[in-house]
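Visitor: Next up, entry.tsv (TSV, C-alpha atoms (C1' of nucleotides)).
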```
chain	number	residue	atom	x	y	z
A	1	MET	CA	130.91	96.74	250.71
A	2	LEU	CA	131.11	98.95	253.75
A	3	SER	CA	128.28	101.43	254.18
A	4	LYS	CA	129.07	105.12	254.26
A	5	LYS	CA	128.03	105.01	257.87
A	6	THR	CA	130.95	102.74	258.66
A	7	LYS	CA	133.40	104.60	256.49
A	8	TYR	CA	132.45	107.94	258.03
A	9	GLY	CA	132.55	106.42	261.48
A	10	LEU	CA	136.08	105.17	260.94
A	11	LYS	CA	137.23	108.52	259.64
A	12	ALA	CA	135.60	110.33	262.54
A	13	LEU	CA	137.17	108.02	265.09
A	14	ALA	CA	140.58	108.50	263.52
A	15	PHE	CA	140.04	112.25	263.72
A	16	ILE	CA	139.08	112.07	267.38
A	17	ALA	CA	142.00	109.78	268.16
A	18	ARG	CA	144.40	112.34	266.70
A	19	GLN	CA	143.55	114.92	269.36
A	20	PRO	CA	146.50	115.59	271.64
A	21	ASP	CA	144.93	115.12	275.07
A	22	LYS	CA	141.44	113.82	275.13
A	23	THR	CA	140.01	117.18	274.29
A	24	PRO	CA	136.43	116.77	273.09
A	25	VAL	CA	135.95	117.25	269.37
A	26	GLN	CA	132.74	118.71	268.04
A	27	ILE	CA	130.64	117.08	265.37
A	28	ALA	CA	130.82	120.24	263.30
A	29	THR	CA	134.61	120.18	263.30
A	30	ILE	CA	134.79	116.63	262.06
A	31	ALA	CA	131.95	117.07	259.59
A	32	GLU	CA	133.64	120.02	258.01
A	33	SER	CA	137.11	118.56	257.95
A	34	GLU	CA	136.05	115.18	256.58
A	35	ASN	CA	133.25	116.34	254.30
A	36	ILE	CA	130.50	114.49	256.04
A	37	SER	CA	126.90	115.64	256.49
A	38	HIS	CA	126.61	117.07	259.99
A	39	LYS	CA	123.34	115.37	260.82
A	40	PHE	CA	124.40	112.02	259.46
A	41	LEU	CA	127.63	112.13	261.39
A	42	GLU	CA	125.69	113.04	264.50
A	43	SER	CA	123.75	109.79	264.32
A	44	ILE	CA	126.93	107.82	263.73
A	45	LEU	CA	128.74	109.26	266.72
A	46	LEU	CA	125.65	108.66	268.81
A	47	THR	CA	125.84	104.98	267.92
A	48	LEU	CA	129.50	104.84	268.84
A	49	ARG	CA	128.84	106.54	272.14
A	50	LYS	CA	126.05	104.16	272.99
A	51	SER	CA	128.34	101.25	272.23
A	52	GLY	CA	130.73	102.55	274.86
A	53	MET	CA	133.51	103.56	272.54
A	54	LEU	CA	133.11	107.30	272.91
A	55	GLY	CA	132.22	109.69	275.69
A	56	SER	CA	130.51	113.00	275.10
A	57	LYS	CA	130.09	116.38	276.68
A	58	LYS	CA	127.31	118.86	275.98
A	59	GLY	CA	127.44	122.61	275.70
A	60	LYS	CA	130.24	124.94	274.80
A	61	GLY	CA	133.60	123.23	274.57
A	62	GLY	CA	131.77	119.93	274.39
A	63	GLY	CA	132.07	117.16	271.86
A	64	TYR	CA	133.22	113.57	271.66
A	65	TYR	CA	136.31	111.93	273.10
A	66	LEU	CA	137.74	108.43	273.39
A	67	LEU	CA	136.94	106.44	276.50
A	68	LYS	CA	139.78	103.99	275.92
A	69	GLU	CA	143.24	104.13	274.53
A	70	ALA	CA	143.17	104.11	270.74
A	71	SER	CA	145.52	101.14	270.77
A	72	ASP	CA	142.92	99.21	272.75
A	73	ILE	CA	140.24	99.62	270.11
A	74	PRO	CA	140.59	97.04	267.35
A	75	MET	CA	138.99	97.66	263.99
A	76	THR	CA	136.79	94.63	264.50
A	77	ASP	CA	134.97	96.42	267.32
A	78	VAL	CA	134.25	99.49	265.26
A	79	ILE	CA	133.10	97.62	262.18
A	80	ARG	CA	130.89	95.25	264.12
A	81	THR	CA	129.26	98.19	265.87
A	82	LEU	CA	128.59	100.20	262.75
A	83	GLU	CA	128.33	97.63	260.00
A	84	GLY	CA	127.37	94.43	261.72
A	85	PRO	CA	128.92	91.15	260.63
A	86	ILE	CA	132.40	91.04	259.15
A	87	ALA	CA	131.89	87.64	257.54
A	88	MET	CA	130.59	87.32	254.01
A	89	LEU	CA	127.82	84.96	255.05
A	90	PRO	CA	125.71	84.85	258.22
A	91	CYS	CA	126.52	81.15	258.63
A	92	VAL	CA	130.24	81.90	259.12
A	93	SER	CA	129.79	84.93	261.34
A	94	LEU	CA	131.19	84.68	264.83
A	95	ASN	CA	129.15	87.52	266.30
A	96	PHE	CA	126.05	87.52	264.10
A	97	TYR	CA	125.62	83.85	263.32
A	98	GLU	CA	122.52	82.74	261.46
A	99	LYS	CA	121.76	79.43	259.89
A	100	CYS	CA	121.16	79.34	256.15
A	101	ASP	CA	117.61	78.37	255.22
A	102	ASP	CA	118.77	76.42	252.22
A	103	CYS	CA	121.59	74.46	253.86
A	104	PRO	CA	120.70	71.17	255.55
A	105	ASP	CA	124.22	70.71	256.90
A	106	GLU	CA	126.60	73.61	256.76
A	107	HIS	CA	129.60	71.47	257.53
A	108	LYS	CA	129.13	69.84	254.16
A	109	CYS	CA	128.73	73.15	252.38
A	110	SER	CA	131.71	74.05	250.24
A	111	VAL	CA	130.77	77.72	250.11
A	112	HIS	CA	130.79	77.70	253.89
A	113	LYS	CA	134.34	76.38	253.96
A	114	LEU	CA	135.55	78.99	251.53
A	115	MET	CA	133.93	81.80	253.44
A	116	ILE	CA	135.51	80.68	256.67
A	117	GLN	CA	138.89	81.13	255.06
A	118	VAL	CA	137.97	84.63	253.92
A	119	ARG	CA	136.57	85.50	257.32
A	120	ASP	CA	139.69	84.34	259.14
A	121	SER	CA	142.07	86.26	256.97
A	122	THR	CA	139.96	89.39	257.22
A	123	LEU	CA	139.65	89.05	260.98
A	124	ASN	CA	143.36	88.60	261.23
A	125	ILE	CA	143.90	92.02	259.73
A	126	LEU	CA	141.07	93.83	261.46
A	127	ARG	CA	142.02	92.46	264.84
A	128	HIS	CA	145.61	93.54	264.61
A	129	ASN	CA	144.85	97.00	263.33
A	130	THR	CA	143.66	99.29	266.09
A	131	LEU	CA	142.37	102.82	266.09
A	132	ALA	CA	145.91	103.90	266.91
A	133	ASP	CA	147.07	102.55	263.55
A	134	LEU	CA	144.19	104.21	261.78
A	135	ALA	CA	144.99	107.53	263.40
A	136	LEU	CA	148.62	107.60	262.35
A	137	PRO	CA	149.37	110.75	260.39
A	138	SER	CA	149.51	110.12	256.66
A	139	LYS	CA	153.00	110.25	255.34
B	140	MET	CA	127.83	90.37	253.05
B	141	LEU	CA	127.35	88.30	249.92
B	142	SER	CA	123.91	88.48	248.34
B	143	LYS	CA	121.87	85.32	248.01
B	144	LYS	CA	122.37	85.65	244.30
B	145	THR	CA	126.08	85.09	244.74
B	146	LYS	CA	125.71	82.37	247.30
B	147	TYR	CA	123.22	80.49	245.14
B	148	GLY	CA	125.40	81.03	242.10
B	149	LEU	CA	128.40	79.53	243.86
B	150	LYS	CA	126.41	76.52	244.98
B	151	ALA	CA	124.97	76.01	241.53
B	152	LEU	CA	128.38	76.22	239.89
B	153	ALA	CA	129.77	73.70	242.35
B	154	PHE	CA	126.89	71.42	241.49
B	155	ILE	CA	127.50	71.76	237.78
B	156	ALA	CA	131.22	71.22	238.23
B	157	ARG	CA	130.55	67.94	240.01
B	158	GLN	CA	129.01	66.38	236.90
B	159	PRO	CA	131.15	63.53	235.55
B	160	ASP	CA	131.51	64.57	231.91
B	161	LYS	CA	130.18	67.91	230.96
B	162	THR	CA	126.65	66.67	230.87
B	163	PRO	CA	124.26	69.60	230.97
B	164	VAL	CA	122.47	70.05	234.27
B	165	GLN	CA	118.97	71.45	234.37
B	166	ILE	CA	117.92	74.40	236.47
B	167	ALA	CA	115.20	72.30	238.06
B	168	THR	CA	117.68	69.69	239.22
B	169	ILE	CA	119.92	72.23	240.91
B	170	ALA	CA	117.02	74.22	242.31
B	171	GLU	CA	115.56	71.15	243.95
B	172	SER	CA	118.81	69.77	245.25
B	173	GLU	CA	120.08	73.06	246.66
B	174	ASN	CA	116.74	74.48	247.81
B	175	ILE	CA	116.79	77.49	245.57
B	176	SER	CA	113.80	79.15	243.91
B	177	HIS	CA	113.67	77.90	240.33
B	178	LYS	CA	112.99	81.28	238.79
B	179	PHE	CA	115.60	83.07	240.83
B	180	LEU	CA	118.21	80.48	239.96
B	181	GLU	CA	117.24	80.81	236.32
B	182	SER	CA	118.21	84.47	236.32
B	183	ILE	CA	121.47	83.72	238.09
B	184	LEU	CA	122.55	81.07	235.63
B	185	LEU	CA	121.60	83.37	232.80
B	186	THR	CA	124.00	85.94	234.17
B	187	LEU	CA	126.76	83.36	234.43
B	188	ARG	CA	126.14	82.21	230.89
B	189	LYS	CA	126.25	85.75	229.55
B	190	SER	CA	129.52	86.29	231.33
B	191	GLY	CA	130.97	83.37	229.40
B	192	MET	CA	131.38	81.01	232.31
B	193	LEU	CA	128.63	78.61	231.37
B	194	GLY	CA	127.23	77.20	228.17
B	195	SER	CA	123.63	76.14	227.79
B	196	LYS	CA	121.51	73.85	225.72
B	197	LYS	CA	117.77	74.10	225.22
B	198	GLY	CA	115.17	71.37	225.00
B	199	LYS	CA	115.15	67.87	226.38
B	200	GLY	CA	118.45	66.82	227.84
B	201	GLY	CA	119.43	70.47	227.91
B	202	GLY	CA	120.78	72.51	230.76
B	203	TYR	CA	123.97	74.26	231.76
B	204	TYR	CA	127.55	73.09	231.55
B	205	LEU	CA	130.99	74.53	232.15
B	206	LEU	CA	132.82	76.09	229.25
B	207	LYS	CA	136.19	75.90	230.97
B	208	GLU	CA	137.93	73.55	233.33
B	209	ALA	CA	136.72	74.07	236.88
B	210	SER	CA	140.33	74.52	237.94
B	211	ASP	CA	140.58	77.46	235.55
B	212	ILE	CA	137.75	79.37	237.17
B	213	PRO	CA	138.94	81.30	240.22
B	214	MET	CA	136.45	82.40	242.82
B	215	THR	CA	137.30	86.02	242.06
B	216	ASP	CA	135.72	85.66	238.62
B	217	VAL	CA	132.49	84.25	239.95
B	218	ILE	CA	132.11	86.76	242.73
B	219	ARG	CA	132.92	89.73	240.54
B	220	THR	CA	130.34	88.58	238.01
B	221	LEU	CA	127.55	88.02	240.50
B	222	GLU	CA	128.34	90.36	243.36
B	223	GLY	CA	130.46	93.07	241.84
B	224	PRO	CA	133.42	94.44	243.77
B	225	ILE	CA	135.31	92.28	246.24
B	226	ALA	CA	136.85	95.25	248.03
B	227	MET	CA	135.13	96.82	251.01
B	228	LEU	CA	135.30	100.30	249.49
B	229	PRO	CA	134.97	101.44	245.87
B	230	CYS	CA	138.21	103.42	246.20
B	231	VAL	CA	140.24	100.26	246.78
B	232	SER	CA	138.51	98.13	244.17
B	233	LEU	CA	140.68	96.89	241.32
B	234	ASN	CA	137.81	96.11	238.95
B	235	PHE	CA	135.14	98.55	240.07
B	236	TYR	CA	137.15	101.55	241.17
B	237	GLU	CA	135.36	104.73	242.11
B	238	LYS	CA	136.70	107.80	243.78
B	239	CYS	CA	135.23	108.76	247.14
B	240	ASP	CA	133.32	112.05	247.08
B	241	ASP	CA	134.53	112.99	250.51
B	242	CYS	CA	138.22	112.20	250.08
B	243	PRO	CA	140.43	114.91	248.61
B	244	ASP	CA	143.47	112.60	248.48
B	245	GLU	CA	142.93	108.92	248.96
B	246	HIS	CA	146.63	108.24	249.43
B	247	LYS	CA	146.42	110.15	252.67
B	248	CYS	CA	143.30	108.34	253.80
B	249	SER	CA	143.96	105.91	256.60
B	250	VAL	CA	140.76	103.98	255.97
B	251	HIS	CA	141.93	103.49	252.42
B	252	LYS	CA	145.19	101.94	253.61
B	253	LEU	CA	143.41	99.56	255.92
B	254	MET	CA	140.96	98.46	253.27
B	255	ILE	CA	143.77	97.74	250.84
B	256	GLN	CA	145.16	95.28	253.35
B	257	VAL	CA	141.78	93.59	253.69
B	258	ARG	CA	141.31	93.51	249.95
B	259	ASP	CA	144.69	91.94	249.33
B	260	SER	CA	144.24	89.19	251.86
B	261	THR	CA	140.76	88.42	250.56
B	262	LEU	CA	141.94	88.40	246.97
B	263	ASN	CA	144.75	86.10	247.92
B	264	ILE	CA	142.27	83.49	249.07
B	265	LEU	CA	139.70	83.96	246.34
B	266	ARG	CA	142.30	83.84	243.61
B	267	HIS	CA	143.81	80.60	244.78
B	268	ASN	CA	140.51	78.86	245.30
B	269	THR	CA	138.99	77.71	242.05
B	270	LEU	CA	135.69	76.12	241.19
B	271	ALA	CA	137.48	72.80	241.36
B	272	ASP	CA	138.16	73.35	245.06
B	273	LEU	CA	134.58	74.43	245.64
B	274	ALA	CA	133.29	71.32	243.92
B	275	LEU	CA	135.29	68.86	246.02
B	276	PRO	CA	132.98	66.35	247.66
B	277	SER	CA	132.32	67.21	251.30
B	278	LYS	CA	134.03	64.82	253.64
C	279	DA	C1'	103.39	68.56	216.54
C	280	DT	C1'	104.40	68.16	221.15
C	281	DT	C1'	107.10	68.30	224.97
C	282	DT	C1'	111.00	70.03	227.25
C	283	DA	C1'	113.85	73.49	228.94
C	284	DT	C1'	116.24	77.75	228.41
C	285	DC	C1'	115.64	82.83	227.19
C	286	DC	C1'	114.08	87.35	228.15
C	287	DT	C1'	111.61	91.40	229.84
C	288	DA	C1'	108.98	93.41	233.12
C	289	DT	C1'	107.22	93.92	237.53
C	290	DC	C1'	106.86	94.07	242.63
C	291	DG	C1'	106.89	94.18	247.79
C	292	DG	C1'	109.93	94.76	251.39
C	293	DA	C1'	114.15	96.10	253.35
C	294	DT	C1'	118.05	99.00	253.63
C	295	DT	C1'	120.71	103.28	252.97
C	296	DA	C1'	121.78	107.92	253.37
C	297	DG	C1'	120.25	111.27	254.74
C	298	DT	C1'	116.78	115.45	256.73
C	299	DA	C1'	113.72	117.83	260.08
C	300	DG	C1'	112.78	119.60	264.27
C	301	DG	C1'	112.56	119.91	268.75
C	302	DT	C1'	114.77	118.58	273.77
C	303	DT	C1'	118.26	118.56	277.18
C	304	DA	C1'	122.56	119.56	279.42
C	305	DT	C1'	126.49	122.66	279.99
C	306	DA	C1'	129.16	126.91	279.87
C	307	DC	C1'	129.58	131.76	279.65
C	308	DT	C1'	128.07	136.52	280.69
D	309	DA	C1'	119.14	134.42	285.47
D	310	DG	C1'	119.52	134.37	280.60
D	311	DT	C1'	121.64	133.16	276.42
D	312	DA	C1'	124.41	130.57	273.44
D	313	DT	C1'	126.29	126.21	272.49
D	314	DA	C1'	126.35	121.53	271.29
D	315	DA	C1'	124.89	116.94	272.04
D	316	DC	C1'	120.45	114.08	272.34
D	317	DC	C1'	116.55	111.85	270.38
D	318	DT	C1'	112.63	110.51	267.48
D	319	DA	C1'	110.53	110.39	263.33
D	320	DC	C1'	110.32	110.73	258.58
D	321	DT	C1'	111.61	110.29	253.57
D	322	DA	C1'	113.47	109.59	248.90
D	323	DA	C1'	116.04	106.51	246.42
D	324	DT	C1'	118.02	102.27	245.72
D	325	DC	C1'	118.67	97.35	246.06
D	326	DC	C1'	117.28	92.56	246.91
D	327	DG	C1'	114.89	88.49	246.29
D	328	DA	C1'	111.67	86.82	243.91
D	329	DT	C1'	107.64	86.16	240.54
D	330	DA	C1'	104.93	86.33	236.00
D	331	DG	C1'	104.35	85.19	231.60
D	332	DG	C1'	105.36	84.50	227.30
D	333	DA	C1'	109.23	83.62	223.33
D	334	DT	C1'	112.57	80.62	221.45
D	335	DA	C1'	115.13	76.50	220.45
D	336	DA	C1'	115.92	71.55	220.53
D	337	DA	C1'	114.69	66.68	220.97
D	338	DT	C1'	111.25	63.01	220.19
```
Is it possible to give me this structure as structure tokens?

Guide:
Amino acid sequence: MLSKKTKYGLKALAFIARQPDKTPVQIATIAESENISHKFLESILLTLRKSGMLGSKKGKGGGYYLLKEASDIPMTDVIRTLEGPIAMLPCVSLNFYEKCDDCPDEHKCSVHKLMIQVRDSTLNILRHNTLADLALPSK
Amino acid sequence: MLSKKTKYGLKALAFIARQPDKTPVQIATIAESENISHKFLESILLTLRKSGMLGSKKGKGGGYYLLKEASDIPMTDVIRTLEGPIAMLPCVSLNFYEKCDDCPDEHKCSVHKLMIQVRDSTLNILRHNTLADLALPSK
DNA sequence: ATTTATCCTATCGGATTAGTAGGTTATACT
DNA sequence: AGTATAACCTACTAATCCGATAGGATAAAT
């Protein structure tokens, strides 16, 4: 399950990506529109800025804006930044790999094999969906 | 991420499914072979028995055995029993649906749409993999 | 009767989650 | 210069979940 942090982060990014130019959007605007706690959202956007996905501007007329084209930001990037691993087990994670304590040889582990299949199909979708897709107006 | 409960449960089921007849397998045997805490595994197998997946027998020569053919137990069943929802968000879960507090209309939610795609591709794999596949000897 | 092995309830420490509090810093406007 | 604005940053907290443990009750085989 995705944490609320990730869900809110995705919604916020979609909101920011929908801005016409790259006009900065304020936390308060997003928080209100998407029903997210202002303070919680603040910490989420801070994380996204530190990861290099967003830029920010202080003071009046300030806010957050995209540093890249929305179509250049795959969902994998966002989820890995906010949630961590996409895989269902650390031992099949590409970016957050960890060996299982209980597994002497993971190549003989049947659960491992199954989870690689799940990982690959999930990655396939998350890689090909970008923030531009997420930001498309709902029809 | 899958909990250890689920991971251990999957391994244990694969172990049980590998038995020639339907000879009961003892907790201790599985725990030792798969490096799982005896007591923790006990509670996991209890859950699986209560869900109707396993039968059990007490006393000497007792243990756990499958109640159905391994090929009739899809991975979805096991994971839903031990882990709960397969979907990444409650609002796209088929078996554990919950409305999002923050979403006035989930059909207009772009995150929702994305997570439905992920859910469907994951389900596709987990439905077509059964315990029989999981139990195949590692080559 | 004794051993074996599951059954069941209760508890627990540690980690994680979803926030909240409160002040600091940078920018814009007057 | 002074004030308002809005992001920045650190720390804290309440609640929940996870992984595991404790200890006895029950049922079956010998």

Visitor: At a cut-off of 6 Å, can you tabulate as JSON lines every residue of chain B near chain C together with its closest atom pair and the distance in Å to one decimal, using all atoms listed in the file and ordering rows by chain then number?

Guide:
```
{"residue": "B:Lys197", "atom": "CA", "partner": "C:DT284", "partner_atom": "C1'", "distance": 5.1}
{"residue": "B:Gly198", "atom": "CA", "partner": "C:DA283", "partner_atom": "C1'", "distance": 4.7}
{"residue": "B:Lys199", "atom": "CA", "partner": "C:DT282", "partner_atom": "C1'", "distance": 4.8}
```

Visitor: Taking only C-alpha atoms (C1' of nucleotides) into account, what are the residues of chain B at most 10 Å from chain D, put as a PyMOL selection string?

Guide: chain B and resi 142-144+176-180+196-201

Visitor: What are the nearest atom pairs, with distances in Å to one decimal, for all residues of chain A that come at most 9 Å from chain B, using only C-alpha atoms, set out by chain and rising residue number as a Markdown table?

Guide:
```
| residue | atom | partner | partner_atom | distance |
| --- | --- | --- | --- | --- |
| A:Met1 | CA | B:Met227 | CA | 4.2 |
| A:Leu2 | CA | B:Met227 | CA | 5.3 |
| A:Ser3 | CA | B:Leu228 | CA | 8.5 |
| A:Lys7 | CA | B:Val250 | CA | 7.4 |
| A:Leu10 | CA | B:Val250 | CA | 6.9 |
| A:Lys11 | CA | B:Val250 | CA | 6.8 |
| A:Ala14 | CA | B:Ser249 | CA | 8.1 |
| A:Glu34 | CA | B:Asp241 | CA | 6.6 |
| A:Asn35 | CA | B:Asp241 | CA | 5.2 |
| A:Ile36 | CA | B:Asp241 | CA | 7.0 |
| A:Pro85 | CA | B:Met140 | CA | 7.7 |
| A:Ile86 | CA | B:Met140 | CA | 7.7 |
| A:Ala87 | CA | B:Met140 | CA | 6.6 |
| A:Met88 | CA | B:Met140 | CA | 4.2 |
| A:Leu89 | CA | B:Met140 | CA | 5.8 |
| A:Pro90 | CA | B:Met140 | CA | 7.9 |
| A:Asp101 | CA | B:Asn174 | CA | 8.4 |
| A:Asp102 | CA | B:Asn174 | CA | 5.2 |
| A:Cys103 | CA | B:Glu173 | CA | 7.5 |
| A:His107 | CA | B:Ser277 | CA | 8.0 |
| A:Lys108 | CA | B:Ser277 | CA | 5.0 |
| A:Cys109 | CA | B:Ser277 | CA | 7.0 |
| A:Ser110 | CA | B:Leu273 | CA | 5.4 |
| A:Val111 | CA | B:Leu273 | CA | 6.7 |
| A:Lys113 | CA | B:Leu273 | CA | 8.5 |
| A:Leu114 | CA | B:Leu273 | CA | 7.5 |
| A:Gln117 | CA | B:Ile264 | CA | 7.3 |
| A:Val118 | CA | B:Thr261 | CA | 5.8 |
| A:Arg119 | CA | B:Thr261 | CA | 8.5 |
| A:Ser121 | CA | B:Ser260 | CA | 6.3 |
| A:Thr122 | CA | B:Val257 | CA | 5.8 |
| A:Leu123 | CA | B:Val257 | CA | 8.8 |
| A:Ile125 | CA | B:Val257 | CA | 6.6 |
| A:Leu126 | CA | B:Val257 | CA | 7.8 |
| A:Asn129 | CA | B:Leu253 | CA | 8.0 |
| A:Asp133 | CA | B:Ser249 | CA | 8.3 |
| A:Leu134 | CA | B:Ser249 | CA | 5.5 |
| A:Ala135 | CA | B:Ser249 | CA | 7.1 |
| A:Leu136 | CA | B:Ser249 | CA | 7.6 |
| A:Pro137 | CA | B:Ser249 | CA | 8.2 |
| A:Ser138 | CA | B:Lys247 | CA | 5.0 |
| A:Lys139 | CA | B:Lys247 | CA | 7.1 |
```

Visitor: List every protein, DNA or RNA residue with an atom no more than 12 Å from (128.7, 105.1, 272.3) in the file's coordinates, counting all atoms listed in the file, and format the result as an MDAnalysis selection string.

Guide: chainID A and resid 9 13 42:56 64:68 77:78 81:82

Visitor: Please compute the atom CA of B:Thr145-atom CA of B:Thr215 distance, one decimal, in Å.

Guide: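 That distance, rounded to one decimal, is 11.6 Å.
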
Visitor: One decimal, in Å: what's the spacing between atom CA of B:Ala209 and atom CA of B:Ala156?

Guide: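 Separation of atom CA of B:Ala209 and atom CA of B:Ala156: 6.3 Å.
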
Visitor: Quick check, in Å to one decimal: how far apart do atom CA of B:Thr168 and atom CA of B:Arg266 lie?

Guide: 28.7 Å

Visitor: Return stretch 172-186 of chain B, completed with N, CA and C atoms, as a CSV table (one decimal), in the frame of the given file.

Guide:
```
chain,number,residue,atom,x,y,z
B,172,SER,N,117.8,70.3,244.4
B,172,SER,CA,118.8,69.8,245.2
B,172,SER,C,119.4,70.8,246.2
B,173,GLU,N,119.4,72.0,245.8
B,173,GLU,CA,120.1,73.1,246.7
B,173,GLU,C,119.1,74.0,247.3
B,174,ASN,N,117.8,73.7,247.2
B,174,ASN,CA,116.7,74.5,247.8
B,174,ASN,C,116.8,76.0,247.4
B,175,ILE,N,116.8,76.1,246.1
B,175,ILE,CA,116.8,77.5,245.6
B,175,ILE,C,115.6,77.7,244.7
B,176,SER,N,115.0,78.8,244.8
B,176,SER,CA,113.8,79.2,243.9
B,176,SER,C,114.2,79.0,242.4
B,177,HIS,N,113.4,78.2,241.7
B,177,HIS,CA,113.7,77.9,240.3
B,177,HIS,C,113.9,79.2,239.5
B,178,LYS,N,112.9,80.1,239.6
B,178,LYS,CA,113.0,81.3,238.8
B,178,LYS,C,114.2,82.2,239.1
B,179,PHE,N,114.5,82.2,240.4
B,179,PHE,CA,115.6,83.1,240.8
B,179,PHE,C,116.9,82.5,240.3
B,180,LEU,N,117.0,81.2,240.4
B,180,LEU,CA,118.2,80.5,240.0
B,180,LEU,C,118.4,80.6,238.5
B,181,GLU,N,117.2,80.6,237.8
B,181,GLU,CA,117.2,80.8,236.3
B,181,GLU,C,118.0,82.1,236.0
B,182,SER,N,117.6,83.2,236.6
B,182,SER,CA,118.2,84.5,236.3
B,182,SER,C,119.7,84.5,236.7
B,183,ILE,N,120.1,83.8,237.7
B,183,ILE,CA,121.5,83.7,238.1
B,183,ILE,C,122.3,83.0,237.0
B,184,LEU,N,121.8,81.9,236.6
B,184,LEU,CA,122.6,81.1,235.6
B,184,LEU,C,122.6,81.8,234.3
B,185,LEU,N,121.6,82.6,234.0
B,185,LEU,CA,121.6,83.4,232.8
B,185,LEU,C,122.8,84.4,232.8
B,186,THR,N,122.9,85.0,234.0
B,186,THR,CA,124.0,85.9,234.2
B,186,THR,C,125.4,85.3,234.0
```
